[in-house]
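Novice: final_17.cif (mmCIF, C-alpha atoms) pasted underneath:
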data_work
loop_
_atom_site.group_PDB
_atom_site.id
_atom_site.type_symbol
_atom_site.label_atom_id
_atom_site.label_comp_id
_atom_site.auth_asym_id
_atom_site.auth_seq_id
_atom_site.Cartn_x
_atom_site.Cartn_y
_atom_site.Cartn_z
ATOM 1 C CA MET A 1 -19.391 -75.301 -59.004
ATOM 2 C CA LYS A 2 -19.889 -72.295 -61.193
ATOM 3 C CA LYS A 3 -23.386 -71.013 -61.796
ATOM 4 C CA GLY A 4 -23.204 -71.982 -65.460
ATOM 5 C CA GLN A 5 -22.499 -75.600 -64.558
ATOM 6 C CA ARG A 6 -25.792 -76.165 -62.738
ATOM 7 C CA ILE A 7 -29.129 -77.347 -64.056
ATOM 8 C CA LYS A 8 -31.836 -75.590 -62.063
ATOM 9 C CA LYS A 9 -34.898 -75.195 -64.285
ATOM 10 C CA ASN A 10 -37.537 -77.899 -64.405
ATOM 11 C CA GLU A 11 -37.700 -77.707 -68.213
ATOM 12 C CA ASP A 12 -33.968 -78.479 -68.430
ATOM 13 C CA PHE A 13 -34.413 -81.475 -66.114
ATOM 14 C CA GLN A 14 -37.355 -82.704 -68.209
ATOM 15 C CA THR A 15 -35.365 -82.354 -71.445
ATOM 16 C CA VAL A 16 -32.590 -84.525 -70.020
ATOM 17 C CA PHE A 17 -35.083 -87.099 -68.694
ATOM 18 C CA LYS A 18 -37.037 -87.354 -71.949
ATOM 19 C CA ASN A 19 -34.210 -87.190 -74.494
ATOM 20 C CA GLY A 20 -31.175 -88.402 -72.577
ATOM 21 C CA LYS A 21 -29.787 -91.858 -71.908
ATOM 22 C CA SER A 22 -29.768 -93.373 -68.451
ATOM 23 C CA VAL A 23 -27.335 -95.715 -66.743
ATOM 24 C CA ALA A 24 -27.318 -96.867 -63.151
ATOM 25 C CA ASN A 25 -25.510 -98.750 -60.446
ATOM 26 C CA ARG A 26 -26.671 -99.468 -56.897
ATOM 27 C CA GLN A 27 -25.956 -95.959 -55.609
ATOM 28 C CA PHE A 28 -26.731 -93.591 -58.510
ATOM 29 C CA VAL A 29 -28.771 -93.184 -61.660
ATOM 30 C CA ILE A 30 -27.245 -90.843 -64.235
ATOM 31 C CA TYR A 31 -29.085 -89.358 -67.175
ATOM 32 C CA SER A 32 -26.833 -87.819 -69.832
ATOM 33 C CA TYR A 33 -27.924 -85.623 -72.715
ATOM 34 C CA LYS A 34 -25.642 -84.311 -75.467
ATOM 35 C CA LYS A 35 -25.827 -80.580 -76.280
ATOM 36 C CA GLU A 36 -23.525 -79.641 -79.165
ATOM 37 C CA GLU A 37 -23.298 -75.874 -78.569
ATOM 38 C CA GLN A 38 -22.382 -76.165 -74.894
ATOM 39 C CA GLN A 39 -18.917 -75.081 -73.657
ATOM 40 C CA GLU A 40 -19.019 -76.720 -70.187
ATOM 41 C CA PHE A 41 -20.867 -79.707 -68.819
ATOM 42 C CA ARG A 42 -23.782 -79.040 -66.467
ATOM 43 C CA ILE A 43 -25.085 -81.185 -63.633
ATOM 44 C CA GLY A 44 -28.414 -81.400 -61.897
ATOM 45 C CA LEU A 45 -28.861 -83.225 -58.600
ATOM 46 C CA SER A 46 -31.869 -85.059 -57.259
ATOM 47 C CA VAL A 47 -31.737 -86.372 -53.699
ATOM 48 C CA GLY A 48 -35.187 -87.309 -52.435
ATOM 49 C CA LYS A 49 -36.551 -86.839 -48.936
ATOM 50 C CA LYS A 50 -36.797 -90.605 -48.467
ATOM 51 C CA LEU A 51 -33.001 -90.746 -48.233
ATOM 52 C CA GLY A 52 -32.787 -88.933 -44.920
ATOM 53 C CA ASN A 53 -32.900 -85.577 -43.214
ATOM 54 C CA ALA A 54 -31.550 -82.342 -44.707
ATOM 55 C CA VAL A 55 -28.072 -82.902 -43.285
ATOM 56 C CA THR A 56 -27.773 -86.299 -44.997
ATOM 57 C CA ARG A 57 -29.178 -85.058 -48.312
ATOM 58 C CA ASN A 58 -26.895 -82.014 -48.378
ATOM 59 C CA ARG A 59 -23.854 -84.161 -47.568
ATOM 60 C CA ILE A 60 -24.625 -86.440 -50.545
ATOM 61 C CA LYS A 61 -24.985 -83.414 -52.840
ATOM 62 C CA ARG A 62 -21.704 -81.936 -51.576
ATOM 63 C CA TYR A 63 -19.893 -85.211 -52.237
ATOM 64 C CA ILE A 64 -21.321 -85.441 -55.768
ATOM 65 C CA ARG A 65 -20.399 -81.831 -56.594
ATOM 66 C CA GLN A 66 -16.855 -82.278 -55.270
ATOM 67 C CA ALA A 67 -16.384 -85.520 -57.215
ATOM 68 C CA PHE A 68 -17.494 -83.785 -60.425
ATOM 69 C CA MET A 69 -15.148 -80.878 -59.734
ATOM 70 C CA GLU A 70 -12.230 -83.296 -59.362
ATOM 71 C CA MET A 71 -13.179 -85.121 -62.587
ATOM 72 C CA ARG A 72 -14.013 -82.017 -64.667
ATOM 73 C CA GLU A 73 -10.924 -82.277 -66.903
ATOM 74 C CA GLU A 74 -11.801 -85.860 -67.850
ATOM 75 C CA LEU A 75 -15.504 -85.328 -68.617
ATOM 76 C CA LYS A 76 -16.978 -84.401 -71.980
ATOM 77 C CA ASN A 77 -17.991 -80.724 -72.061
ATOM 78 C CA ASP A 78 -21.000 -81.017 -74.379
ATOM 79 C CA GLN A 79 -23.161 -82.962 -71.921
ATOM 80 C CA ASP A 80 -25.877 -82.327 -69.362
ATOM 81 C CA TYR A 81 -25.952 -84.801 -66.461
ATOM 82 C CA VAL A 82 -28.754 -85.400 -63.983
ATOM 83 C CA ILE A 83 -27.691 -87.502 -61.010
ATOM 84 C CA ILE A 84 -30.295 -89.240 -58.885
ATOM 85 C CA ALA A 85 -29.029 -90.630 -55.586
ATOM 86 C CA ARG A 86 -30.353 -93.961 -54.366
ATOM 87 C CA HIS A 87 -30.668 -95.116 -50.765
ATOM 88 C CA GLN A 88 -27.254 -96.838 -50.623
ATOM 89 C CA ALA A 89 -25.552 -93.479 -51.249
ATOM 90 C CA THR A 90 -26.468 -92.365 -47.714
ATOM 91 C CA THR A 91 -23.907 -94.633 -46.029
ATOM 92 C CA MET A 92 -20.951 -93.833 -48.291
ATOM 93 C CA ASP A 93 -18.020 -91.524 -47.570
ATOM 94 C CA PHE A 94 -16.547 -89.170 -50.181
ATOM 95 C CA HIS A 95 -14.051 -91.632 -51.678
ATOM 96 C CA GLU A 96 -16.685 -94.344 -52.091
ATOM 97 C CA THR A 97 -19.028 -91.799 -53.676
ATOM 98 C CA LYS A 98 -16.381 -90.686 -56.163
ATOM 99 C CA LYS A 99 -15.486 -94.263 -57.063
ATOM 100 C CA SER A 100 -19.143 -95.152 -57.597
ATOM 101 C CA LEU A 101 -19.698 -92.063 -59.777
ATOM 102 C CA GLN A 102 -16.608 -92.902 -61.844
ATOM 103 C CA HIS A 103 -17.986 -96.403 -62.361
ATOM 104 C CA VAL A 104 -21.385 -95.263 -63.564
ATOM 105 C CA LEU A 105 -19.896 -92.453 -65.711
ATOM 106 C CA ARG A 106 -17.582 -94.983 -67.370
ATOM 107 C CA ILE A 107 -20.632 -97.087 -68.250
ATOM 108 C CA ALA A 108 -22.292 -93.951 -69.668
ATOM 109 C CA LYS A 109 -19.165 -93.209 -71.774
ATOM 110 C CA ALA A 110 -18.992 -89.718 -70.272
ATOM 111 C CA PHE A 111 -15.210 -89.485 -70.175
ATOM 112 C CA LYS A 112 -13.128 -87.932 -72.945
ATOM 113 C CA PRO A 113 -11.150 -90.393 -75.058
ATOM 114 C CA TYR A 114 -7.764 -91.125 -73.530
ATOM 115 C CA LYS A 115 -4.851 -89.826 -75.588
ATOM 116 C CA GLN A 116 -1.531 -91.509 -75.008
ATOM 117 C CA VAL A 117 1.485 -89.184 -74.840
ATOM 118 C CA LYS A 118 4.644 -90.437 -76.554
#
Do you think you could lay out the structure here as structure tokens?

Specialist:
Amino acid sequence: MKKGQRIKKNEDFQTVFKNGKSVANRQFVIYSYKKEEQQEFRIGLSVGKKLGNAVTRNRIKRYIRQAFMEMREELKNDQDYVIIARHQATTMDFHETKKSLQHVLRIAKAFKPYKQVK
């Protein structure tokens, strides 16, 4: 992920938490916040220590980042996303993680409208 696509500052996280909308499934909670002037979407990750050791937490974050990189063309650019991993995310492989993220992002209406080509 590019540096500009990451949410790092606590105030940015708090803005998304307070003003954004949240949706969830069993593995992830996603907060989304619309920012009109933004050129690219940004993501922030939260994987708590209760989920496992550093190796497990870093693997979950890697999977989430890679899934977002593969879906970047389909996602709306004017959004900030904060992804919170739940305990069930620890046992998933990459493909299950991506499928679960697609599910919760579809609920959040985070994908661009589909345009049919004639």

Novice: Rank A:Lys21, A:Val16, A:Thr97, A:Pro113 by their smallest atom-to-atom distance to Arg59 (chain A), using only C-alpha atoms, and report the top residue only.

Specialist: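 Under the stated criterion, the closest residue is A:Thr97.
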
Novice: For Arg57 (chain A), find every residue with an atom within 12 Å (counting all atoms listed in the file), except residues of its own chain fewer than 5 positions away, and show them as a PyMOL selection string.

Specialist: chain A and resi 45-52+62-64+84-87+89-91

Novice: Name the residues in contact with Ala110 (chain A) at a cut-off of 7 Å, using all atoms listed in the file, excluding same-chain residues fewer than 5 positions from it; report them as a list in words.

Specialist: Leu75, Lys76 and Leu105 of chain A

Novice: Emit the selected residues as a compact mmCIF listing (two decimals), keeping the file's coordinate frame, including C-alpha atoms.

Specialist:
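again.txt was written with the following content:
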# COMPACT_ATOMS: atom_id res chain seq x y z
CA LEU A 75 -15.50 -85.33 -68.62
CA LYS A 76 -16.98 -84.40 -71.98
CA LEU A 105 -19.90 -92.45 -65.71

Novice: Can you tell me, as a ChimeraX atom specification, what residues are no more than 8 Å from region 5-14 of chain A when counting only C-alpha atoms, ignoring any on the same chain fewer than 5 positions away?

Specialist: /A:40-44,80,82

Novice: Find, counting all atoms listed in the file, the residue in A:Val55, A:Ile30, A:Ala24, A:Ile60 that gets nearest to Met92 (chain A).

Specialist: A:Ile60

Novice: In the coordinate frame of the file, compute which residues have an atom within 7 Å of (-26.4, -86.1, -73.7) when using only C-alpha atoms, and state them as number ranges by chain.

Specialist: A: 20-21, 32-35, 79-80

Novice: Can you report as AutoDock Vina command-line options the centre and edge lengths in Å, to one decimal, of an axis-aligned box around the listed atoms of region 89-97 of chain A padded with 4 Å on each side?

Specialist:
--center_x -20.3 --center_y -91.9 --center_z -49.9 --size_x 20.4 --size_y 13.5 --size_z 15.6
